[in-house]
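Student: Provided herewith: model.txt, compact mmCIF, C-alpha atoms and all ligand atoms.
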# COMPACT_ATOMS: atom_id res chain seq x y z
CA MET U 17 10.27 3.46 24.39
CA PRO U 18 11.48 0.10 25.73
CA ASN U 19 15.21 -0.59 25.72
CA ALA U 20 15.02 -3.52 23.35
CA ASN U 21 13.94 -1.11 20.64
CA ALA U 22 16.42 1.65 21.39
CA GLU U 23 19.01 0.49 18.85
CA LEU U 24 16.33 0.00 16.20
CA LEU U 25 14.91 3.43 16.94
CA LYS U 26 18.33 5.02 16.54
CA ASN U 27 18.77 3.41 13.13
CA VAL U 28 15.27 4.27 11.95
CA LYS U 29 15.86 7.89 12.97
CA GLN U 30 19.05 7.94 10.92
CA VAL U 31 17.24 6.70 7.79
CA PHE U 32 14.59 9.38 8.26
CA LYS U 33 17.27 12.02 8.74
CA ASP U 34 19.07 11.00 5.55
CA ASN U 35 15.87 10.84 3.51
CA GLN U 36 14.21 14.05 4.69
CA ARG U 37 13.58 16.64 1.97
CA SER U 38 11.87 20.01 1.93
CA PHE U 39 10.41 22.53 -0.45
CA GLU U 40 9.36 25.95 0.82
CA HIS U 41 7.60 25.15 4.11
CA PHE U 42 6.81 21.54 3.13
CA ASN U 43 8.64 18.54 4.54
CA TYR U 44 8.51 15.03 3.21
CA THR U 45 10.61 11.89 3.05
CA VAL U 46 11.91 10.15 -0.06
CA PRO U 47 11.70 6.33 -0.11
CA SER U 48 15.41 5.99 -0.87
CA PRO U 49 17.93 8.69 -1.77
CA ASP U 50 19.53 6.80 -4.65
CA SER U 51 16.68 4.78 -6.09
CA TYR U 52 13.53 6.82 -5.37
CA PRO U 53 14.26 10.55 -5.26
CA TYR U 54 10.63 11.78 -5.39
CA GLN U 55 7.65 11.46 -3.05
CA TRP U 56 5.29 8.49 -3.26
CA PHE U 57 1.79 8.40 -1.81
CA TRP U 58 1.56 5.17 0.16
CA ASP U 59 5.21 5.38 1.17
CA SER U 60 4.45 8.71 2.82
CA CYS U 61 1.49 7.19 4.67
CA PHE U 62 3.81 4.48 5.99
CA HIS U 63 6.41 7.13 6.82
CA ALA U 64 3.86 9.10 8.84
CA ILE U 65 2.95 5.98 10.84
CA ILE U 66 6.61 5.31 11.62
CA LEU U 67 7.30 8.96 12.41
CA SER U 68 4.35 9.07 14.82
CA HIS U 69 6.53 7.06 17.22
CA PHE U 70 9.27 9.66 17.52
CA ASP U 71 8.47 12.91 15.68
CA ILE U 72 4.77 13.67 15.60
CA LYS U 73 5.32 17.09 14.05
CA ARG U 74 7.12 15.58 11.11
CA ALA U 75 4.51 12.81 10.81
CA LYS U 76 1.90 15.52 10.25
CA ALA U 77 4.16 17.37 7.83
CA GLU U 78 4.52 14.18 5.79
CA LEU U 79 0.74 14.02 5.27
CA ARG U 80 0.43 17.77 4.70
CA SER U 81 2.91 17.48 1.85
CA LEU U 82 0.63 14.89 0.26
CA ILE U 83 -2.62 16.80 0.52
CA LYS U 84 -1.02 19.84 -1.06
CA TRP U 85 -1.13 17.93 -4.36
CA GLN U 86 -4.69 16.63 -4.18
CA TRP U 87 -6.57 17.31 -7.40
CA SER U 88 -9.87 19.18 -7.42
CA SER U 89 -11.57 15.84 -8.23
CA GLY U 90 -10.29 14.43 -4.93
CA MET U 91 -7.74 12.19 -6.66
CA MET U 92 -4.39 11.92 -4.90
CA PRO U 93 -1.53 11.09 -7.26
CA HIS U 94 0.87 8.30 -6.45
CA MET U 95 4.00 10.29 -7.30
CA ILE U 96 4.94 13.87 -6.63
CA TYR U 97 7.80 15.47 -8.50
CA TRP U 98 8.61 18.35 -6.19
CA PRO U 99 9.82 21.27 -8.34
CA ASN U 100 13.23 21.50 -6.69
CA ILE U 101 14.27 17.91 -7.43
CA LYS U 102 16.56 17.98 -10.40
CA ASN U 103 19.38 15.92 -11.88
CA THR U 104 18.11 12.47 -11.07
CA SER U 105 18.37 9.49 -13.35
CA PHE U 106 14.92 8.26 -12.30
CA PRO U 107 12.78 8.01 -15.44
CA LYS U 108 10.29 10.87 -15.55
CA ILE U 109 7.11 9.66 -17.17
CA GLN U 110 4.80 12.07 -18.98
CA TRP U 111 1.55 11.88 -17.03
CA GLY U 112 -0.21 14.81 -18.58
CA LYS U 113 0.38 16.77 -15.35
CA ARG U 114 3.36 18.90 -14.50
CA HIS U 115 4.29 17.87 -11.00
CA THR U 116 2.46 14.65 -10.33
CA SER U 117 1.55 11.29 -11.78
CA SER U 118 -1.99 10.44 -12.86
CA LEU U 119 -2.32 7.12 -11.05
CA ILE U 120 -3.42 6.29 -7.52
CA GLN U 121 -1.91 4.08 -4.81
CA PRO U 122 -3.61 2.17 -1.97
CA PRO U 123 -5.59 4.66 0.17
CA LEU U 124 -4.01 4.81 3.60
CA LEU U 125 -4.49 8.50 4.35
CA ALA U 126 -7.24 8.11 6.96
CA TYR U 127 -5.40 5.20 8.54
CA ALA U 128 -2.19 7.25 8.92
CA THR U 129 -4.16 10.23 10.26
CA TRP U 130 -5.91 8.01 12.78
CA ARG U 131 -2.58 6.62 14.02
CA ILE U 132 -1.30 10.17 14.52
CA PHE U 133 -4.49 11.17 16.31
CA LEU U 134 -4.14 8.21 18.68
CA LYS U 135 -0.76 9.57 19.72
CA ASP U 136 -1.59 13.19 20.53
CA ASN U 137 -5.32 13.73 20.21
CA ASP U 138 -4.77 16.81 18.07
CA ARG U 139 -8.24 17.71 16.90
CA ASP U 140 -7.07 20.63 14.80
CA PHE U 141 -4.95 18.29 12.71
CA VAL U 142 -7.90 15.97 12.18
CA ARG U 143 -10.09 18.92 11.23
CA GLU U 144 -7.49 19.87 8.64
CA MET U 145 -7.15 16.35 7.19
CA LEU U 146 -10.76 15.13 7.18
CA PRO U 147 -12.05 17.05 4.15
CA HIS U 148 -9.12 15.73 2.09
CA ILE U 149 -9.73 12.18 3.26
CA HIS U 150 -13.41 12.48 2.47
CA ARG U 151 -12.73 13.84 -1.02
CA LEU U 152 -10.23 11.09 -1.74
CA HIS U 153 -12.69 8.38 -0.73
CA GLY U 154 -15.46 10.13 -2.65
CA PHE U 155 -13.28 10.20 -5.75
CA LEU U 156 -12.45 6.49 -5.47
CA LEU U 157 -16.05 5.45 -4.91
CA ARG U 158 -17.34 7.62 -7.76
CA GLN U 159 -14.68 7.35 -10.41
CA ARG U 160 -13.32 3.89 -9.79
CA ASP U 161 -16.63 2.16 -9.21
CA PRO U 162 -18.79 3.37 -12.09
CA ARG U 163 -21.52 0.75 -11.58
CA ARG U 164 -21.66 1.31 -7.84
CA HIS U 165 -20.81 -2.25 -6.88
CA CYS U 166 -18.78 -1.04 -3.87
CA LEU U 167 -15.52 -2.35 -5.32
CA ILE U 168 -12.95 0.00 -6.75
CA GLY U 169 -10.95 -0.90 -9.84
CA LEU U 170 -7.39 -0.22 -10.85
CA VAL U 171 -6.41 0.93 -14.30
CA HIS U 172 -2.72 0.08 -14.00
CA PRO U 173 -0.71 -2.46 -11.95
CA ASP U 174 1.35 0.31 -10.33
CA GLU U 175 -1.83 1.55 -8.65
CA SER U 176 -1.66 -1.48 -6.37
CA GLY U 177 1.82 -0.47 -5.24
CA GLU U 178 3.01 -3.89 -6.44
CA ASP U 179 4.12 -2.98 -9.93
CA ASN U 180 4.98 -6.38 -11.43
CA SER U 181 2.95 -8.66 -9.16
CA PRO U 182 1.75 -11.78 -10.99
CA ARG U 183 -1.80 -10.75 -10.05
CA PHE U 184 -1.62 -8.50 -13.11
CA ASP U 185 -0.04 -10.94 -15.57
CA LYS U 186 -3.28 -11.95 -17.19
CA ALA U 187 -4.46 -8.36 -17.47
CA LEU U 188 -1.17 -7.47 -19.16
CA GLY U 189 -1.29 -10.55 -21.40
CA LEU U 190 1.92 -12.01 -19.95
CA PRO U 191 2.81 -15.60 -18.98
CA PRO U 192 3.80 -16.48 -15.37
CA GLU U 193 7.43 -16.89 -16.32
CA GLN U 194 8.58 -13.62 -17.83
CA GLN U 195 11.32 -11.04 -18.09
CA LEU U 196 11.18 -7.99 -15.85
CA ASP U 197 11.88 -5.76 -18.86
CA GLU U 198 8.93 -7.07 -20.80
CA ASN U 199 6.64 -6.42 -17.84
CA PHE U 200 7.95 -2.87 -17.60
CA ARG U 201 7.45 -2.31 -21.34
CA ARG U 202 3.81 -3.38 -21.08
CA ARG U 203 3.21 -1.08 -18.15
CA LEU U 204 4.78 1.83 -20.00
CA LYS U 205 2.60 1.07 -23.01
CA LEU U 206 -0.49 1.30 -20.81
CA ILE U 207 0.60 4.72 -19.67
CA ARG U 208 1.19 5.77 -23.28
CA ASN U 209 -2.37 4.69 -24.09
CA PHE U 210 -3.71 6.76 -21.22
CA ARG U 211 -1.77 9.74 -22.43
CA GLN U 212 -3.32 9.37 -25.87
CA GLY U 213 -6.71 9.17 -24.19
CA ARG U 214 -5.81 12.28 -22.17
CA PHE U 215 -5.81 10.24 -18.98
CA VAL U 216 -9.58 9.94 -18.86
CA VAL U 217 -9.37 6.73 -16.86
CA LYS U 218 -13.11 6.67 -16.36
CA ARG U 219 -13.47 5.59 -19.98
CA ARG U 220 -11.46 2.51 -19.23
CA MET U 221 -13.34 1.87 -16.00
CA ASP U 222 -16.68 2.14 -17.80
CA LYS U 223 -15.57 -0.33 -20.43
CA ALA U 224 -13.67 -2.90 -18.41
CA HIS U 225 -13.43 -2.14 -14.68
CA TRP U 226 -10.06 -3.82 -15.22
CA VAL U 227 -8.60 -5.29 -11.99
CA ARG U 228 -10.40 -5.08 -8.68
CA ASP U 229 -7.55 -5.83 -6.37
CA VAL U 230 -7.95 -7.54 -3.00
CA PRO U 231 -5.37 -5.55 -0.97
CA VAL U 232 -6.46 -2.19 -2.40
CA ASN U 233 -10.12 -2.84 -1.60
CA ALA U 234 -9.31 -4.26 1.84
CA ILE U 235 -7.21 -1.18 2.58
CA LEU U 236 -10.09 1.02 1.40
CA VAL U 237 -12.48 -0.71 3.83
CA GLU U 238 -10.08 -0.07 6.70
CA ASP U 239 -9.43 3.51 5.57
CA LEU U 240 -13.17 4.21 5.43
CA ARG U 241 -13.52 2.87 8.96
CA CYS U 242 -10.76 5.20 10.06
CA GLU U 243 -12.54 8.09 8.36
CA ALA U 244 -15.64 7.13 10.35
CA ARG U 245 -13.66 7.14 13.62
CA LEU U 246 -12.08 10.48 12.81
CA ALA U 247 -15.44 12.00 11.86
CA GLU U 248 -16.96 10.69 15.07
CA ALA U 249 -14.14 12.23 17.06
CA MET U 250 -15.10 15.54 15.41
CA ASP U 251 -18.77 14.97 16.33
CA ASP U 252 -19.61 14.66 12.65
CA LEU U 253 -22.03 11.78 12.98
CA GLU U 254 -23.37 12.11 9.47
CA GLY U 255 -19.86 11.90 8.03
CA ALA U 256 -19.12 8.88 10.18
CA ALA U 257 -22.30 7.14 9.04
CA TRP U 258 -21.43 7.82 5.37
CA ALA U 259 -17.99 6.24 5.72
CA LEU U 260 -19.28 3.23 7.65
CA ARG U 261 -22.02 2.65 5.13
CA HIS U 262 -19.47 2.46 2.34
CA ALA U 263 -17.12 0.27 4.37
CA THR U 264 -19.94 -2.20 5.04
CA CYS U 265 -20.98 -2.21 1.40
CA SER U 266 -17.39 -2.87 0.27
CA ARG U 267 -16.97 -5.67 2.79
CA LYS U 268 -20.10 -7.34 1.49
CA ALA U 269 -19.05 -6.89 -2.12
CA MET U 270 -15.61 -8.38 -1.47
CA ARG U 271 -17.24 -11.44 0.02
CA THR U 272 -19.73 -11.69 -2.83
CA TYR U 273 -17.42 -11.20 -5.79
CA MET U 274 -13.97 -12.25 -4.57
CA LEU U 275 -14.40 -15.13 -2.13
CA GLU U 276 -14.14 -18.71 -3.27
CA ASP U 277 -13.43 -21.68 -0.99
CA GLY U 278 -12.47 -19.39 1.87
CA ILE U 279 -9.96 -17.26 -0.07
CA MET U 280 -10.36 -13.81 -1.58
CA TRP U 281 -8.99 -13.35 -5.11
CA SER U 282 -8.55 -10.21 -7.15
CA THR U 283 -10.80 -10.10 -10.21
CA LEU U 284 -10.41 -9.14 -13.83
CA GLY U 285 -12.85 -7.35 -16.08
CA LEU U 286 -16.54 -6.60 -16.00
CA ASP U 287 -17.53 -10.17 -15.22
CA TYR U 288 -15.31 -10.51 -12.15
CA LYS U 289 -13.12 -13.34 -13.41
CA LEU U 290 -11.15 -14.57 -10.39
CA ILE U 291 -7.37 -14.21 -10.72
CA LYS U 292 -6.32 -17.31 -8.84
CA VAL U 293 -2.65 -16.59 -8.28
CA LYS U 294 -1.49 -17.10 -4.71
CA THR U 295 0.24 -13.93 -3.60
CA TRP U 296 0.41 -12.37 -0.11
CA ALA U 297 -2.85 -10.66 -1.16
CA ILE U 298 -4.84 -13.64 0.10
CA PHE U 299 -3.84 -12.54 3.63
CA ALA U 300 -4.55 -8.84 3.09
CA PRO U 301 -8.26 -9.03 4.08
CA LEU U 302 -7.18 -10.07 7.59
CA MET U 303 -6.19 -6.49 8.40
CA ALA U 304 -9.74 -5.34 7.69
CA GLU U 305 -11.31 -8.39 9.34
CA LEU U 306 -13.03 -9.46 6.14
CA TYR U 307 -12.68 -13.20 6.72
CA THR U 308 -14.56 -15.23 9.31
CA GLN U 309 -12.48 -16.69 12.15
CA GLU U 310 -12.75 -20.09 10.54
CA GLU U 311 -11.58 -18.82 7.14
CA ALA U 312 -8.69 -17.02 8.81
CA GLY U 313 -7.65 -20.21 10.64
CA HIS U 314 -7.75 -22.15 7.41
CA LEU U 315 -5.57 -19.57 5.65
CA VAL U 316 -3.01 -19.55 8.45
CA ASP U 317 -2.76 -23.34 8.71
CA ASN U 318 -2.80 -24.18 5.04
CA TYR U 319 -0.97 -21.28 3.51
CA LEU U 320 0.91 -19.04 5.94
CA LEU U 321 2.45 -21.91 7.89
CA ASN U 322 2.79 -24.27 4.96
CA GLU U 323 6.36 -24.67 3.70
CA LYS U 324 5.07 -25.48 0.25
CA GLU U 325 3.29 -22.13 0.13
CA PHE U 326 4.42 -19.14 2.22
CA ALA U 327 6.47 -20.52 5.13
CA THR U 328 9.99 -19.73 3.90
CA ARG U 329 12.98 -19.14 6.18
CA TYR U 330 12.33 -15.35 6.03
CA PRO U 331 8.59 -15.01 5.52
CA VAL U 332 6.31 -13.78 4.07
CA PRO U 333 7.24 -14.10 0.40
CA THR U 334 5.02 -11.88 -1.75
CA VAL U 335 4.21 -14.89 -3.96
CA SER U 336 3.68 -18.51 -2.89
CA VAL U 337 6.66 -20.73 -3.67
CA SER U 338 4.18 -23.12 -5.31
CA GLU U 339 3.36 -20.62 -8.07
CA LYS U 340 5.00 -20.82 -11.48
CA SER U 341 5.50 -17.09 -11.29
CA PHE U 342 7.44 -17.30 -7.99
CA ASP U 343 10.83 -15.65 -8.38
CA PRO U 344 12.73 -14.99 -5.11
CA THR U 345 14.63 -12.10 -6.71
CA GLY U 346 11.81 -10.82 -8.93
CA PHE U 347 10.75 -7.55 -7.17
CA TRP U 348 7.03 -8.13 -6.38
CA ARG U 349 7.16 -11.74 -7.62
CA GLY U 350 8.55 -13.39 -4.51
CA PRO U 351 10.80 -11.29 -2.24
CA THR U 352 9.69 -10.44 1.29
CA TRP U 353 8.77 -6.77 1.77
CA MET U 354 8.34 -4.98 5.08
CA ALA U 355 5.02 -3.34 4.20
CA THR U 356 3.34 -6.61 3.31
CA ASN U 357 4.72 -8.21 6.47
CA TRP U 358 3.34 -5.29 8.41
CA PHE U 359 -0.16 -5.72 6.94
CA ILE U 360 -0.12 -9.46 7.62
CA TYR U 361 1.19 -8.91 11.15
CA GLN U 362 -1.71 -6.56 11.92
CA GLY U 363 -4.22 -8.93 10.39
CA LEU U 364 -2.99 -11.87 12.46
CA MET U 365 -3.19 -9.82 15.64
CA ARG U 366 -6.79 -8.91 14.89
CA TYR U 367 -7.77 -12.57 14.80
CA GLY U 368 -5.79 -13.44 17.90
CA PHE U 369 -3.01 -15.32 16.10
CA SER U 370 -0.40 -13.68 18.31
CA ARG U 371 2.15 -16.50 18.10
CA GLU U 372 2.11 -16.39 14.31
CA ALA U 373 2.19 -12.59 14.32
CA ASP U 374 5.13 -12.65 16.68
CA LYS U 375 7.04 -14.91 14.33
CA ILE U 376 6.65 -12.39 11.50
CA ARG U 377 7.66 -9.52 13.76
CA THR U 378 10.77 -11.37 14.93
CA SER U 379 11.87 -12.47 11.49
CA SER U 380 11.26 -8.96 10.13
CA LEU U 381 13.58 -7.56 12.77
CA GLU U 382 16.10 -10.27 11.98
CA LEU U 383 16.03 -9.20 8.33
CA ILE U 384 16.81 -5.59 9.21
CA LYS U 385 19.62 -6.63 11.56
CA LYS U 386 21.10 -8.94 8.98
CA SER U 387 20.67 -6.90 5.81
CA GLY U 388 19.84 -3.33 6.83
CA PHE U 389 17.01 -1.12 5.58
CA ARG U 390 16.77 -2.62 2.13
CA GLU U 391 13.74 -2.48 -0.11
CA GLN U 392 13.12 -6.23 -0.31
CA PHE U 393 14.67 -9.41 1.02
CA HIS U 394 15.34 -12.84 -0.42
CA PRO U 395 12.69 -15.02 1.29
CA MET U 396 15.08 -17.96 1.70
CA SER U 397 18.48 -16.39 2.40
CA GLY U 398 17.37 -13.05 3.84
CA VAL U 399 19.81 -11.19 1.60
CA GLY U 400 18.74 -7.57 1.01
CA MET U 401 17.80 -6.47 -2.50
CA GLY U 402 16.78 -3.33 -4.38
CA ALA U 403 16.99 0.16 -2.91
CA HIS U 404 19.26 0.96 0.06
CA ASN U 405 18.29 3.06 3.06
CA PHE U 406 14.67 2.31 2.21
CA THR U 407 12.42 4.31 4.50
CA TRP U 408 9.32 2.13 4.82
CA SER U 409 11.41 -0.80 6.06
CA GLY U 410 11.22 1.23 9.28
CA LEU U 411 7.70 -0.25 9.65
CA VAL U 412 9.43 -2.91 11.70
CA LEU U 413 9.57 -0.28 14.45
CA ASP U 414 5.80 -0.04 14.41
CA MET U 415 5.54 -3.82 14.76
CA MET U 416 8.07 -3.83 17.61
CA GLU U 417 6.32 -1.03 19.48
CA ASP U 418 3.02 -2.81 19.06
CA GLY U 419 4.51 -6.05 20.35
CA GLU U 420 5.83 -4.32 23.47
CA LYS U 421 2.36 -3.07 24.49
C1 LIG X 1 8.15 0.91 -6.22
C2 LIG X 1 7.07 0.13 -5.45
C3 LIG X 1 5.99 1.08 -4.96
C4 LIG X 1 6.61 2.19 -4.15
C5 LIG X 1 7.73 2.90 -4.93
C6 LIG X 1 8.53 3.84 -4.03
O1 LIG X 1 7.62 1.41 -7.40
O2 LIG X 1 6.54 -0.86 -6.26
O3 LIG X 1 5.06 0.40 -4.17
O4 LIG X 1 5.64 3.11 -3.77
O5 LIG X 1 8.65 1.94 -5.42
O6 LIG X 1 9.02 3.20 -2.91
How does the structure come out when it is put into structure tokens?
Tutor:
Amino acid sequence: MPNANAELLKNVKQVFKDNQRSFEHFNYTVPSPDSYPYQWFWDSCFHAIILSHFDIKRAKAELRSLIKWQWSSGMMPHMIYWPNIKNTSFPKIQWGKRHTSSLIQPPLLAYATWRIFLKDNDRDFVREMLPHIHRLHGFLLRQRDPRRHCLIGLVHPDESGEDNSPRFDKALGLPPEQQLDENFRRRLKLIRNFRQGRFVVKRRMDKAHWVRDVPVNAILVEDLRCEARLAEAMDDLEGAAWALRHATCSRKAMRTYMLEDGIMWSTLGLDYKLIKVKTWAIFAPLMAELYTQEEAGHLVDNYLLNEKEFATRYPVPTVSVSEKSFDPTGFWRGPTWMATNWFIYQGLMRYGFSREADKIRTSSLELIKKSGFREQFHPMSGVGMGAHNFTWSGLVLDMMEDGEK
């Protein structure tokens, strides 16, 4: 590990030490000891990627603790309430399951497994993970895409990982300017409805397909490609072909249903109504190389580097400053988050925008140095907000390591 990163590494290790939890022989990491005392699905995938740089054994344990809770349908819940966690003030929602939620989060399991495999070539670990990855993807493609259009739908905003993002305002029946509480109430009401319907989300998918989200589908394309690579590494050529076929179909569908004037938009309802709210999501397809080089260049010049859109002092704000819904302290309605920066960074690198990627990497590191491992950051002042000692902010280490290569 290069010297420049030694201090960062020390601090990341400390966060992981503080946030490590165990139950029986399982080990996992909570997102933040005070604010998020349980285990979350995509957080743990990020954690595994970060851990792969300094504790490969624990990186694997992080993923093993997730697959333990996979449902027989293949579904992997977005929250796990480990039985030994008690006395927290975190609201425990009734999901119709004892120890888990009934919603999903963006599928990054194959991606995290692939990153671990790249580090130590442990075929036994891949052999252990692959069936779970395959069942998760199978579940998503079957249950969340009832008409087989190769686009998966979400039934709740929290499934995107961006709980109150303005991408879901219309679906929730809310105006762009709104109170955080009201948004939360609507999301709770949705969960209540599911509970009354015994969490048969397929019913809702059949009727409405609700929101097909750009980042979630882009992440699925990339995750399917990782499944294909992992299967190939196991000499399972049929499995690899299956995953690639679905990745190609999803890529095509995203371009068919979501692309307008060179930008991909999430869609609402059965008739794919475009949700034209400029959030960081317009950059998400870069990480799965879903745009052409020309489209990518247009996005970078006109949006990423445009001060009237996303080029704030501490980029990348989760919502464009030009949007009515932009709120620099509004959770997913404006603040800069490390995970979204990390996705955009990777996407830029894939298209050869290394100068622009480097800028994001450097300002991300600056944020951590200035404000610590906070959950989000004010995109203008860089002040830290939300949870403290927030584990996935360690993704900056992954960007730094990548940049040193
Ligand atoms: C918040 C975020 C979600 C994350 C969770 C735990 O709910 O919106 O993406 O998984 O916190 O960090």
Student: Quick check, in Å to one decimal: how far apart do atom CA of Leu156 of chain U and atom CA of Trp358 of chain U lie?
Tutor: 24.1 Å
Student: Distance cut-off 8 Å, centre (20.0, -3.7, 2.2) in file coordinates, counting all atoms listed in the file: which residues qualify? Return them as a list in words.
Tutor: Ile384, Ser387, Gly388, Phe389, Arg390, Glu391, Gln392, Phe393, Val399, Gly400, Met401, Gly402, Ala403, His404 and Asn405 of chain U
Student: Can you work out which one of U:Ile120, U:Ala304, U:Val335, U:Met92 has the shortest atom-to-atom distance to ligand LIG 1 (chain X), counting all atoms listed in the file?
Tutor: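 Among the listed residues, U:Ile120 lies closest to ligand LIG 1 (chain X).
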Student: Neighbouring residues of ligand LIG 1 (chain X) are defined here as those with any atom at most 6 Å from a ligand atom, counting all atoms listed in the file; list them as a ChimeraX atom specification.
Tutor: /U:47,52,56,59,177-179
Student: Neighbours of Val337 of chain U within 6 Å (all atoms listed in the file; same-chain residues fewer than 2 positions away dropped), as an NGL selection string?
Tutor: :U and (325 or 339 or 342)
Student: Please provide as a JSON list (two decimals) with C-alpha atoms, keeping the file's coordinate frame all residues within 7 Å of Tyr44 of chain U, with the sequence filter that same-chain residues fewer than 3 positions apart are discarded (counting only C-alpha atoms).
Tutor:
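Writing the result to out-v3.json gives the following:
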[["chain", "number", "residue", "atom", "x", "y", "z"],
["U", 36, "GLN", "CA", 14.21, 14.05, 4.69],
["U", 37, "ARG", "CA", 13.58, 16.64, 1.97],
["U", 38, "SER", "CA", 11.87, 20.01, 1.93],
["U", 77, "ALA", "CA", 4.16, 17.37, 7.83],
["U", 78, "GLU", "CA", 4.52, 14.18, 5.79],
["U", 81, "SER", "CA", 2.91, 17.48, 1.85]]
Student: With all atoms listed in the file as the atoms that count, which of U:Gln309, U:Asn180, U:Thr129, U:Asn357 lies nearest to Arg202 of chain U?
Tutor: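 Among the listed residues, the smallest separation from Arg202 of chain U belongs to U:Asn180.
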Student: Have segment 389-407 of chain U completed to N, CA and C atoms, please, and pass it along as a PDB file, in the frame of the given file.
Tutor:
ATOM      1  N   PHE U 389      18.309  -1.625   6.052  1.00  0.00           N
ATOM      2  CA  PHE U 389      17.010  -1.120   5.580  1.00  0.00           C
ATOM      3  C   PHE U 389      16.943  -1.199   4.060  1.00  0.00           C
ATOM      4  N   ARG U 390      16.859  -2.418   3.584  1.00  0.00           N
ATOM      5  CA  ARG U 390      16.770  -2.620   2.130  1.00  0.00           C
ATOM      6  C   ARG U 390      15.305  -2.631   1.718  1.00  0.00           C
ATOM      7  N   GLU U 391      15.103  -2.560   0.417  1.00  0.00           N
ATOM      8  CA  GLU U 391      13.740  -2.480  -0.110  1.00  0.00           C
ATOM      9  C   GLU U 391      13.009  -3.820  -0.029  1.00  0.00           C
ATOM     10  N   GLN U 392      13.717  -4.888  -0.376  1.00  0.00           N
ATOM     11  CA  GLN U 392      13.120  -6.230  -0.310  1.00  0.00           C
ATOM     12  C   GLN U 392      14.188  -7.198   0.160  1.00  0.00           C
ATOM     13  N   PHE U 393      13.745  -8.418   0.476  1.00  0.00           N
ATOM     14  CA  PHE U 393      14.670  -9.410   1.020  1.00  0.00           C
ATOM     15  C   PHE U 393      14.393 -10.766   0.360  1.00  0.00           C
ATOM     16  N   HIS U 394      15.484 -11.499   0.140  1.00  0.00           N
ATOM     17  CA  HIS U 394      15.340 -12.840  -0.420  1.00  0.00           C
ATOM     18  C   HIS U 394      14.617 -13.707   0.626  1.00  0.00           C
ATOM     19  N   PRO U 395      13.487 -14.330   0.260  1.00  0.00           N
ATOM     20  CA  PRO U 395      12.690 -15.020   1.290  1.00  0.00           C
ATOM     21  C   PRO U 395      13.344 -16.301   1.832  1.00  0.00           C
ATOM     22  N   MET U 396      14.394 -16.774   1.177  1.00  0.00           N
ATOM     23  CA  MET U 396      15.080 -17.960   1.700  1.00  0.00           C
ATOM     24  C   MET U 396      16.378 -17.566   2.425  1.00  0.00           C
ATOM     25  N   SER U 397      17.179 -16.719   1.794  1.00  0.00           N
ATOM     26  CA  SER U 397      18.480 -16.390   2.400  1.00  0.00           C
ATOM     27  C   SER U 397      18.445 -15.132   3.262  1.00  0.00           C
ATOM     28  N   GLY U 398      17.452 -14.296   3.084  1.00  0.00           N
ATOM     29  CA  GLY U 398      17.370 -13.050   3.840  1.00  0.00           C
ATOM     30  C   GLY U 398      18.276 -11.942   3.291  1.00  0.00           C
ATOM     31  N   VAL U 399      18.936 -12.207   2.191  1.00  0.00           N
ATOM     32  CA  VAL U 399      19.810 -11.190   1.600  1.00  0.00           C
ATOM     33  C   VAL U 399      18.971  -9.990   1.133  1.00  0.00           C
ATOM     34  N   GLY U 400      19.468  -8.774   1.399  1.00  0.00           N
ATOM     35  CA  GLY U 400      18.740  -7.570   1.010  1.00  0.00           C
ATOM     36  C   GLY U 400      18.853  -7.307  -0.481  1.00  0.00           C
ATOM     37  N   MET U 401      17.798  -6.757  -1.055  1.00  0.00           N
ATOM     38  CA  MET U 401      17.800  -6.470  -2.500  1.00  0.00           C
ATOM     39  C   MET U 401      17.167  -5.102  -2.755  1.00  0.00           C
ATOM     40  N   GLY U 402      17.412  -4.598  -3.955  1.00  0.00           N
ATOM     41  CA  GLY U 402      16.780  -3.330  -4.380  1.00  0.00           C
ATOM     42  C   GLY U 402      17.370  -2.143  -3.635  1.00  0.00           C
ATOM     43  N   ALA U 403      16.528  -1.117  -3.458  1.00  0.00           N
ATOM     44  CA  ALA U 403      16.990   0.160  -2.910  1.00  0.00           C
ATOM     45  C   ALA U 403      17.650  -0.005  -1.527  1.00  0.00           C
ATOM     46  N   HIS U 404      18.609   0.888  -1.262  1.00  0.00           N
ATOM     47  CA  HIS U 404      19.260   0.960   0.060  1.00  0.00           C
ATOM     48  C   HIS U 404      18.607   2.072   0.866  1.00  0.00           C
ATOM     49  N   ASN U 405      18.807   2.001   2.171  1.00  0.00           N
ATOM     50  CA  ASN U 405      18.290   3.060   3.060  1.00  0.00           C
ATOM     51  C   ASN U 405      16.812   3.316   2.774  1.00  0.00           C
ATOM     52  N   PHE U 406      16.064   2.237   2.662  1.00  0.00           N
ATOM     53  CA  PHE U 406      14.670   2.310   2.210  1.00  0.00           C
ATOM     54  C   PHE U 406      13.771   2.630   3.411  1.00  0.00           C
ATOM     55  N   THR U 407      13.080   3.761   3.316  1.00  0.00           N
ATOM     56  CA  THR U 407      12.420   4.310   4.500  1.00  0.00           C
ATOM     57  C   THR U 407      11.339   3.407   5.081  1.00  0.00           C
TER      58      THR U 407
END
